[in-house]
$ cat start07.tsv   # TSV, C-alpha atoms
chain	number	residue	atom	x	y	z
A	1	MET	CA	27.21	-58.78	19.93
A	2	LEU	CA	24.54	-58.36	17.27
A	3	GLU	CA	24.19	-62.15	17.04
A	4	ARG	CA	23.52	-62.29	20.79
A	5	PHE	CA	20.96	-59.51	20.47
A	6	CYS	CA	19.24	-61.47	17.66
A	7	ASP	CA	19.24	-64.62	19.80
A	8	TRP	CA	17.75	-62.74	22.73
A	9	LEU	CA	15.13	-60.98	20.57
A	10	SER	CA	14.06	-64.18	18.83
A	11	ASN	CA	13.32	-65.77	22.24
A	12	THR	CA	11.14	-62.93	23.51
A	13	PRO	CA	7.40	-63.73	23.78
A	14	ILE	CA	6.47	-61.20	21.08
A	15	SER	CA	8.96	-62.70	18.60
A	16	LEU	CA	7.80	-66.23	19.41
A	17	THR	CA	4.21	-65.17	18.77
A	18	ILE	CA	5.13	-63.71	15.35
A	19	GLN	CA	7.05	-66.90	14.55
A	20	THR	CA	4.29	-69.33	15.52
A	21	VAL	CA	1.08	-67.61	14.35
A	22	ASN	CA	1.55	-68.38	10.68
A	23	TRP	CA	-0.58	-65.62	9.18
A	24	ILE	CA	1.19	-62.70	10.88
A	25	ILE	CA	4.24	-62.50	8.61
A	26	PRO	CA	2.39	-62.68	5.25
A	27	ALA	CA	-0.28	-60.25	6.52
A	28	VAL	CA	2.31	-57.73	7.73
A	29	GLN	CA	4.28	-58.17	4.49
A	30	THR	CA	1.09	-57.44	2.52
A	31	VAL	CA	0.57	-54.14	4.37
A	32	HIS	CA	4.28	-53.40	3.90
A	33	ILE	CA	4.09	-53.96	0.11
A	34	LEU	CA	0.89	-51.90	-0.24
A	35	CYS	CA	2.67	-49.03	1.55
A	36	VAL	CA	5.69	-49.51	-0.72
A	37	ALA	CA	3.28	-49.17	-3.67
A	38	LEU	CA	2.10	-45.77	-2.41
A	39	VAL	CA	5.59	-44.47	-1.64
A	40	MET	CA	7.18	-45.88	-4.80
A	41	SER	CA	4.49	-44.49	-7.11
A	42	SER	CA	4.46	-41.07	-5.44
A	43	MET	CA	8.24	-40.86	-5.60
A	44	ALA	CA	8.32	-42.10	-9.19
A	45	MET	CA	5.90	-39.31	-10.18
A	46	LEU	CA	8.01	-36.68	-8.41
A	47	ASP	CA	11.33	-38.07	-9.65
A	48	LEU	CA	10.10	-38.24	-13.25
A	49	ARG	CA	8.96	-34.63	-12.95
A	50	LEU	CA	12.35	-33.61	-11.53
A	51	MET	CA	13.96	-35.41	-14.48
A	52	GLN	CA	11.64	-33.48	-16.86
A	53	LEU	CA	10.14	-36.75	-18.11
A	54	ALA	CA	6.51	-36.45	-16.92
A	55	GLY	CA	3.96	-34.03	-15.51
A	56	MET	CA	5.57	-31.06	-17.27
A	57	ARG	CA	2.38	-29.00	-17.13
A	58	GLN	CA	2.81	-28.54	-13.41
A	59	PRO	CA	5.59	-26.65	-11.60
A	60	ILE	CA	7.93	-28.81	-9.50
A	61	SER	CA	6.84	-27.14	-6.25
A	62	ARG	CA	3.26	-28.24	-6.88
A	63	MET	CA	4.37	-31.83	-7.47
A	64	ILE	CA	6.36	-31.71	-4.22
A	65	ASN	CA	3.32	-30.45	-2.31
A	66	ARG	CA	1.19	-33.13	-3.93
A	67	PHE	CA	3.39	-36.17	-3.39
A	68	VAL	CA	5.96	-35.66	-0.62
A	69	PRO	CA	3.41	-35.42	2.26
A	70	TRP	CA	2.40	-39.02	1.40
A	71	ILE	CA	5.96	-40.15	2.05
A	72	TRP	CA	6.04	-38.77	5.58
A	73	PHE	CA	2.67	-40.36	6.30
A	74	VAL	CA	3.43	-43.79	4.83
A	75	VAL	CA	7.11	-44.25	5.75
A	76	PRO	CA	6.26	-44.54	9.51
A	77	ILE	CA	3.82	-47.35	8.63
A	78	LEU	CA	6.62	-49.00	6.64
A	79	LEU	CA	8.96	-48.67	9.62
A	80	ALA	CA	6.33	-50.13	11.96
A	81	THR	CA	5.55	-53.14	9.73
A	82	GLY	CA	9.26	-53.58	9.00
A	83	THR	CA	9.97	-53.60	12.75
A	84	ILE	CA	7.33	-56.31	13.33
A	85	LEU	CA	8.94	-58.44	10.59
A	86	THR	CA	12.39	-57.85	12.11
A	87	ILE	CA	11.22	-58.82	15.61
A	88	GLY	CA	9.79	-62.02	14.12
A	89	GLU	CA	13.00	-62.96	12.32
A	90	PRO	CA	15.84	-60.85	13.78
A	91	SER	CA	18.85	-62.69	12.35
A	92	ARG	CA	17.23	-63.00	8.90
A	93	GLU	CA	17.15	-59.20	8.76
A	94	LEU	CA	19.80	-57.67	10.99
A	95	LEU	CA	22.63	-59.99	9.91
A	96	ASN	CA	21.64	-59.74	6.22
A	97	PRO	CA	23.77	-57.58	3.87
A	98	TYR	CA	20.73	-56.85	1.64
A	99	PHE	CA	18.83	-55.56	4.69
A	100	ARG	CA	21.76	-53.34	5.67
A	101	ALA	CA	22.11	-51.99	2.11
A	102	LYS	CA	18.36	-51.33	2.08
A	103	MET	CA	18.51	-49.30	5.32
A	104	LEU	CA	21.50	-47.33	4.06
A	105	MET	CA	19.70	-46.49	0.80
A	106	LEU	CA	16.52	-45.62	2.72
A	107	VAL	CA	18.28	-43.15	5.02
A	108	THR	CA	20.03	-41.59	2.00
A	109	VAL	CA	16.84	-41.17	-0.03
A	110	LEU	CA	14.90	-39.76	2.93
A	111	ILE	CA	17.60	-37.12	3.47
A	112	ILE	CA	17.48	-36.25	-0.26
A	113	THR	CA	13.67	-36.01	-0.15
A	114	PHE	CA	13.79	-33.83	2.96
A	115	VAL	CA	16.27	-31.45	1.29
A	116	ILE	CA	14.22	-31.29	-1.94
A	117	GLN	CA	11.06	-30.43	0.03
A	118	ARG	CA	12.79	-27.92	2.31
A	119	ARG	CA	14.41	-25.97	-0.52
A	120	SER	CA	11.12	-25.86	-2.38
A	121	ASN	CA	9.20	-24.66	0.68
A	122	LYS	CA	11.61	-21.76	1.14
A	123	ASP	CA	11.62	-20.84	-2.56
A	124	ALA	CA	8.91	-22.35	-4.80
A	125	THR	CA	10.95	-21.82	-7.99
A	126	TYR	CA	14.14	-23.29	-6.52
A	127	TRP	CA	14.16	-26.54	-8.53
A	128	ASP	CA	12.63	-25.06	-11.68
A	129	SER	CA	15.61	-22.73	-11.90
A	130	ARG	CA	18.16	-25.47	-11.13
A	131	LYS	CA	17.40	-28.01	-13.86
A	132	VAL	CA	20.63	-30.01	-13.79
A	133	ALA	CA	20.56	-30.46	-10.02
A	134	ALA	CA	16.87	-31.43	-10.22
A	135	ILE	CA	17.52	-34.03	-12.94
A	136	LEU	CA	20.45	-35.54	-11.03
A	137	LEU	CA	18.60	-35.68	-7.70
A	138	GLY	CA	15.48	-37.09	-9.37
A	139	ALA	CA	17.53	-39.82	-11.06
A	140	LEU	CA	19.42	-40.61	-7.86
A	141	SER	CA	16.21	-40.78	-5.83
A	142	LEU	CA	14.51	-43.08	-8.35
A	143	LEU	CA	17.57	-45.35	-8.49
A	144	LEU	CA	17.66	-45.52	-4.69
A	145	TRP	CA	13.97	-46.47	-4.50
A	146	VAL	CA	14.44	-49.19	-7.12
A	147	GLY	CA	17.44	-50.35	-5.08
A	148	ILE	CA	15.41	-50.33	-1.85
A	149	VAL	CA	12.61	-52.46	-3.32
A	150	SER	CA	15.10	-54.83	-4.97
A	151	ALA	CA	17.19	-55.26	-1.81
A	152	GLY	CA	13.95	-55.81	0.12
A	153	ARG	CA	13.05	-58.74	-2.13
A	154	TRP	CA	16.58	-60.17	-2.07
A	155	ILE	CA	16.61	-60.32	1.76
A	156	ALA	CA	14.63	-63.54	1.35
A	157	TYR	CA	17.35	-65.11	-0.81
A	158	TYR	CA	20.47	-64.52	1.29
B	1	MET	CA	-7.80	-81.68	-19.03
B	2	VAL	CA	-5.88	-79.39	-21.28
B	3	ILE	CA	-4.61	-76.92	-18.64
B	4	PRO	CA	-2.52	-79.47	-16.66
B	5	GLU	CA	-0.87	-80.49	-19.94
B	6	ILE	CA	-0.04	-76.89	-20.77
B	7	CYS	CA	1.41	-76.50	-17.25
B	8	ALA	CA	3.55	-79.61	-17.67
B	9	TRP	CA	4.74	-78.37	-21.06
B	10	LEU	CA	5.56	-74.90	-19.65
B	11	GLU	CA	7.65	-76.16	-16.76
B	12	ASN	CA	9.52	-78.60	-18.98
B	13	SER	CA	10.23	-75.92	-21.57
B	14	SER	CA	13.74	-74.51	-21.70
B	15	VAL	CA	12.56	-71.22	-20.16
B	16	GLY	CA	10.74	-72.85	-17.23
B	17	THR	CA	13.62	-75.23	-16.61
B	18	ALA	CA	16.21	-72.44	-16.73
B	19	ILE	CA	14.30	-70.28	-14.22
B	20	ARG	CA	13.75	-73.24	-11.88
B	21	GLN	CA	17.38	-74.39	-11.95
B	22	SER	CA	19.07	-71.01	-11.76
B	23	THR	CA	19.93	-69.57	-8.36
B	24	TRP	CA	19.48	-65.93	-9.45
B	25	LEU	CA	16.87	-65.90	-12.24
B	26	PHE	CA	13.80	-66.42	-10.04
B	27	PRO	CA	14.64	-63.70	-7.46
B	28	THR	CA	15.65	-61.30	-10.25
B	29	ILE	CA	12.40	-61.79	-12.20
B	30	GLU	CA	10.49	-61.65	-8.92
B	31	THR	CA	12.12	-58.29	-8.13
B	32	VAL	CA	10.97	-56.96	-11.52
B	33	HIS	CA	7.49	-58.38	-10.81
B	34	VAL	CA	7.34	-56.61	-7.42
B	35	LEU	CA	8.64	-53.30	-8.81
B	36	ALA	CA	6.11	-53.35	-11.66
B	37	THR	CA	3.30	-54.40	-9.30
B	38	VAL	CA	3.91	-51.58	-6.82
B	39	LEU	CA	3.82	-49.10	-9.72
B	40	VAL	CA	0.55	-50.56	-11.03
B	41	VAL	CA	-1.11	-50.52	-7.60
B	42	GLY	CA	0.24	-47.15	-6.52
B	43	SER	CA	-0.58	-45.35	-9.76
B	44	VAL	CA	-4.07	-46.77	-10.17
B	45	THR	CA	-4.75	-45.95	-6.51
B	46	MET	CA	-4.04	-42.27	-7.29
B	47	LEU	CA	-6.87	-42.30	-9.82
B	48	ASP	CA	-9.14	-44.31	-7.50
B	49	LEU	CA	-8.54	-41.80	-4.69
B	50	ARG	CA	-9.46	-38.97	-7.06
B	51	LEU	CA	-12.72	-40.77	-7.84
B	52	LEU	CA	-13.37	-40.88	-4.09
B	53	ASN	CA	-12.47	-37.18	-3.71
B	54	LEU	CA	-9.66	-38.09	-1.35
B	55	ALA	CA	-6.68	-36.84	-3.39
B	56	SER	CA	-5.76	-34.56	-6.33
B	57	ARG	CA	-9.10	-32.75	-5.94
B	58	ASP	CA	-7.76	-29.72	-7.80
B	59	ARG	CA	-7.00	-31.77	-10.92
B	60	SER	CA	-9.59	-32.78	-13.49
B	61	VAL	CA	-10.39	-36.49	-13.70
B	62	THR	CA	-9.59	-36.64	-17.44
B	63	GLU	CA	-6.23	-34.94	-16.91
B	64	LEU	CA	-5.30	-37.42	-14.18
B	65	HIS	CA	-6.64	-40.31	-16.28
B	66	ARG	CA	-4.45	-39.26	-19.23
B	67	GLU	CA	-1.43	-38.55	-17.05
B	68	ILE	CA	-1.43	-41.72	-14.95
B	69	LEU	CA	-2.95	-44.65	-16.85
B	70	PRO	CA	-0.21	-44.98	-19.52
B	71	TRP	CA	2.26	-45.64	-16.67
B	72	THR	CA	-0.18	-48.08	-15.10
B	73	TRP	CA	-0.59	-50.03	-18.36
B	74	ALA	CA	3.13	-50.09	-19.10
B	75	SER	CA	3.86	-51.37	-15.58
B	76	PHE	CA	1.04	-53.89	-15.85
B	77	ALA	CA	2.53	-55.31	-19.07
B	78	VAL	CA	5.87	-55.77	-17.29
B	79	ALA	CA	4.21	-57.29	-14.20
B	80	VAL	CA	2.22	-59.81	-16.28
B	81	THR	CA	5.26	-60.80	-18.35
B	82	ALA	CA	7.45	-61.26	-15.27
B	83	GLY	CA	4.60	-63.06	-13.47
B	84	PHE	CA	4.16	-65.43	-16.40
B	85	LEU	CA	7.89	-66.25	-16.39
B	86	LEU	CA	7.71	-67.01	-12.65
B	87	PHE	CA	4.68	-69.21	-13.33
B	88	THR	CA	6.57	-71.27	-15.96
B	89	SER	CA	9.18	-72.28	-13.35
B	90	SER	CA	6.67	-74.44	-11.44
B	91	ALA	CA	3.45	-74.17	-13.45
B	92	THR	CA	1.75	-77.27	-12.04
B	93	LYS	CA	2.45	-76.25	-8.46
B	94	TYR	CA	1.04	-72.75	-9.01
B	95	TYR	CA	-1.97	-74.07	-10.91
B	96	HIS	CA	-2.96	-76.12	-7.84
B	97	ASN	CA	-2.14	-73.30	-5.38
B	98	VAL	CA	-5.30	-71.81	-3.84
B	99	PRO	CA	-4.03	-68.21	-3.30
B	100	PHE	CA	-2.75	-68.22	-6.89
B	101	ARG	CA	-6.18	-69.24	-8.21
B	102	ILE	CA	-7.92	-66.59	-6.09
B	103	LYS	CA	-5.43	-64.01	-7.36
B	104	MET	CA	-6.22	-64.86	-10.99
B	105	VAL	CA	-9.98	-64.59	-10.34
B	106	LEU	CA	-9.45	-61.24	-8.59
B	107	LEU	CA	-7.44	-59.97	-11.58
B	108	VAL	CA	-10.33	-60.86	-13.88
B	109	LEU	CA	-12.62	-58.86	-11.55
B	110	VAL	CA	-10.14	-55.95	-11.66
B	111	GLY	CA	-10.43	-56.05	-15.45
B	112	LEU	CA	-14.24	-56.15	-15.39
B	113	ASN	CA	-14.40	-53.27	-12.91
B	114	ALA	CA	-12.02	-51.20	-15.05
B	115	ALA	CA	-13.86	-52.06	-18.29
B	116	PHE	CA	-17.24	-51.13	-16.82
B	117	PHE	CA	-15.80	-47.82	-15.60
B	118	GLU	CA	-14.08	-47.03	-18.91
B	119	PHE	CA	-16.93	-47.97	-21.23
B	120	ARG	CA	-19.93	-46.90	-19.14
B	121	THR	CA	-19.22	-44.56	-16.23
B	122	PHE	CA	-16.35	-42.59	-17.79
B	123	ARG	CA	-18.44	-41.69	-20.86
B	124	SER	CA	-20.31	-39.04	-18.88
B	125	VAL	CA	-17.08	-37.61	-17.41
B	126	ALA	CA	-17.61	-34.20	-19.07
B	127	SER	CA	-20.35	-33.42	-16.57
B	128	TRP	CA	-18.27	-34.28	-13.45
B	129	ASP	CA	-14.71	-33.76	-14.64
B	130	GLN	CA	-13.73	-30.72	-12.57
B	131	GLY	CA	-15.92	-30.66	-9.51
B	132	ARG	CA	-16.37	-32.80	-6.46
B	133	ARG	CA	-19.78	-34.16	-7.44
B	134	ILE	CA	-18.55	-37.54	-8.56
B	135	PRO	CA	-21.32	-39.98	-9.56
B	136	LEU	CA	-21.93	-42.96	-7.30
B	137	ALA	CA	-20.93	-45.40	-10.07
B	138	ALA	CA	-17.47	-43.80	-10.25
B	139	LYS	CA	-17.08	-43.85	-6.47
B	140	ILE	CA	-18.01	-47.52	-6.43
B	141	ALA	CA	-15.48	-48.22	-9.21
B	142	GLY	CA	-12.78	-46.47	-7.15
B	143	THR	CA	-13.65	-48.32	-3.93
B	144	VAL	CA	-13.90	-51.71	-5.64
B	145	GLY	CA	-10.62	-51.07	-7.45
B	146	ILE	CA	-8.72	-50.28	-4.25
B	147	LEU	CA	-10.18	-53.28	-2.39
B	148	LEU	CA	-9.50	-55.71	-5.25
B	149	TRP	CA	-5.86	-54.60	-5.54
B	150	ILE	CA	-5.34	-55.00	-1.78
B	151	PHE	CA	-6.52	-58.61	-2.04
B	152	VAL	CA	-4.50	-59.24	-5.23
B	153	VAL	CA	-1.33	-58.18	-3.37
B	154	ALA	CA	-2.31	-60.23	-0.32
B	155	CYS	CA	-2.90	-63.36	-2.45
B	156	GLY	CA	0.36	-62.74	-4.27
B	157	ARG	CA	2.19	-62.64	-0.97
B	158	TRP	CA	0.35	-65.72	0.32
B	159	ILE	CA	1.45	-67.81	-2.68
B	160	GLY	CA	4.96	-67.73	-1.25
B	161	PHE	CA	3.75	-69.01	2.13
B	162	THR	CA	1.74	-72.01	0.94
B	163	LYS	CA	2.99	-75.37	-0.23
$ encode --input "start07.tsv" --output "structure tokens"
Amino acid sequence: MLERFCDWLSNTPISLTIQTVNWIIPAVQTVHILCVALVMSSMAMLDLRLMQLAGMRQPISRMINRFVPWIWFVVPILLATGTILTIGEPSRELLNPYFRAKMLMLVTVLIITFVIQRRSNKDATYWDSRKVAAILLGALSLLLWVGIVSAGRWIAYY
Amino acid sequence: MVIPEICAWLENSSVGTAIRQSTWLFPTIETVHVLATVLVVGSVTMLDLRLLNLASRDRSVTELHREILPWTWASFAVAVTAGFLLFTSSATKYYHNVPFRIKMVLLVLVGLNAAFFEFRTFRSVASWDQGRRIPLAAKIAGTVGILLWIFVVACGRWIGFTK
């Protein structure tokens, strides 16, 4: 089923264009990696603060207001560039276990980020008064982002 | 004449040979290289955006400088080490690769831009630390920094797509 979808997609004009114009994939990957840099660094700052390892002079709510809006701005660009890459090489992505693991980790970390932001918006001191939960969620989020970037690179080696 | 010999020696060394022959070493080191690179680029961009008054406007430049750059330097050390290990696996090939050469030149320019900012522009930071009146030299340093890193990443990606 999915194989047939990949076959169909890879024969569409848009996919054939991406496959044959040889600068499209590296150019789109470059934009994708630059966006990963913004998301990864923003999330690392927030996660380290949640884990009490950096930025301790600022309350957690301020760090959330500083960094999380970037995620919601940049993740759509990541999805768009990722979709272009997937249309260009559907079976390389959709049938790839690293790609599937990456998407699973991405959905998980976005839900965690959404919850962290929502709680903080309702009560600015929420995470400052729940240290253990903040440390655990920060560590989990950071691990997931490292996993996402790693799985992204390993897609090429399956 | 000496660089090609160093390249040949590197790729015939036990480290270069091991990375080239292993199925998992290269992608693993490459993953570390990518992780460290995104942290370098993302963190330094935060400071560059502050210099352009586009982010963290309520934080002083010195505070941001002190808070962010240690992470940037630590990540850079990891990225360079991992990058060097990748280089040893096929040193001669990379030495002749055009995007690789451009990337190395761009990294030198990144260093010059940063050094000029640190040793000249940043010295007067006391007079523009808090406000939004950032001197032109600092804005140029921020703009040049962002542009150079974009092209460093692009060249890095292009290395993998050239013979």
$ residues_around --input "start07.tsv" --residues "Val132 in chain A" --least-positions-apart "6" --cutoff "10 Å" --atoms "all atoms listed in the file" --output "PyMOL selection string"
chain A and resi 50-51+138
$ interface_residues --input "start07.tsv" --of "chain A" --to "chain B" --cutoff "8 Å" --atoms "all atoms listed in the file" --output "PyMOL selection string"
chain A and resi 26-27+29-30+33-34+36-42+55+66+146+149-150+153-154+157
$ atom_distance --input "start07.tsv" --atom1 "CA of Ser14 in chain B" --atom2 "CA of Asn97 in chain B"
22.8 Å
$ atom_distance --input "start07.tsv" --atom1 "CA of Val31 in chain A" --atom2 "CA of Thr81 in chain B"
24.1 Å
$ atom_distance --input "start07.tsv" --atom1 "CA of Met63 in chain A" --atom2 "CA of Leu46 in chain A"
6.1 Å
$ residues_around --input "start07.tsv" --residues "range 116-128 of chain A" --least-positions-apart "5" --cutoff "8 Å" --atoms "only C-alpha atoms" --output "NGL selection string"
:A and (50 or 59-61 or 64 or 68 or 133-134)
$ axis_aligned_box --input "start07.tsv" --around "range 52-67 of chain B" --padding-each-side "8 Å" --output "lines of an AutoDock Vina configuration file"
center_x = -7.4
center_y = -35.3
center_z = -10.3
size_x = 27.9
size_y = 27.2
size_z = 33.9
$ residues_around --input "start07.tsv" --residues "Arg20 in chain B" --least-positions-apart "6" --cutoff "10 Å" --atoms "all atoms listed in the file" --output "number ranges by chain"
B: 11-12, 14, 26, 86, 88-90
$ closest_residue --input "start07.tsv" --among "A:Pro97, A:Gln52, A:His32, A:Ala44" --to "Pro76 in chain A" --atoms "all atoms listed in the file"
A:His32
$ closest_residue --input "start07.tsv" --among "B:Leu54, B:Val105, B:Ala91, B:Ile29" --to "Ala79 in chain B" --atoms "all atoms listed in the file"
B:Ile29
$ residues_around --input "start07.tsv" --residues "Ser124 in chain B" --least-positions-apart "6" --cutoff "12 Å" --atoms "all atoms listed in the file" --output "list of chain:residue names"
B:Val61, B:Thr62, B:Phe117, B:Glu118, B:Ile134, B:Pro135, B:Ala137, B:Ala138
$ closest_residue --input "start07.tsv" --among "A:Cys6, A:Ile155, A:Ile77, A:Leu136" --to "Leu48 in chain A" --atoms "only C-alpha atoms"
A:Leu136
$ closest_residue --input "start07.tsv" --among "A:Ala151, A:Met56, A:Ile84, A:Ile111" --to "Ser15 in chain A" --atoms "only C-alpha atoms"
A:Ile84
$ closest_residue --input "start07.tsv" --among "B:Val144, B:Ile3, B:Ile19, B:Leu49" --to "Ala82 in chain B" --atoms "only C-alpha atoms"
B:Ile19
$ residues_around --input "start07.tsv" --residues "Ile25 in chain A" --least-positions-apart "4" --cutoff "8 Å" --atoms "all atoms listed in the file" --output "list in words"
Ile18, Gln19, Gln29, Leu85 and Gly88 of chain A
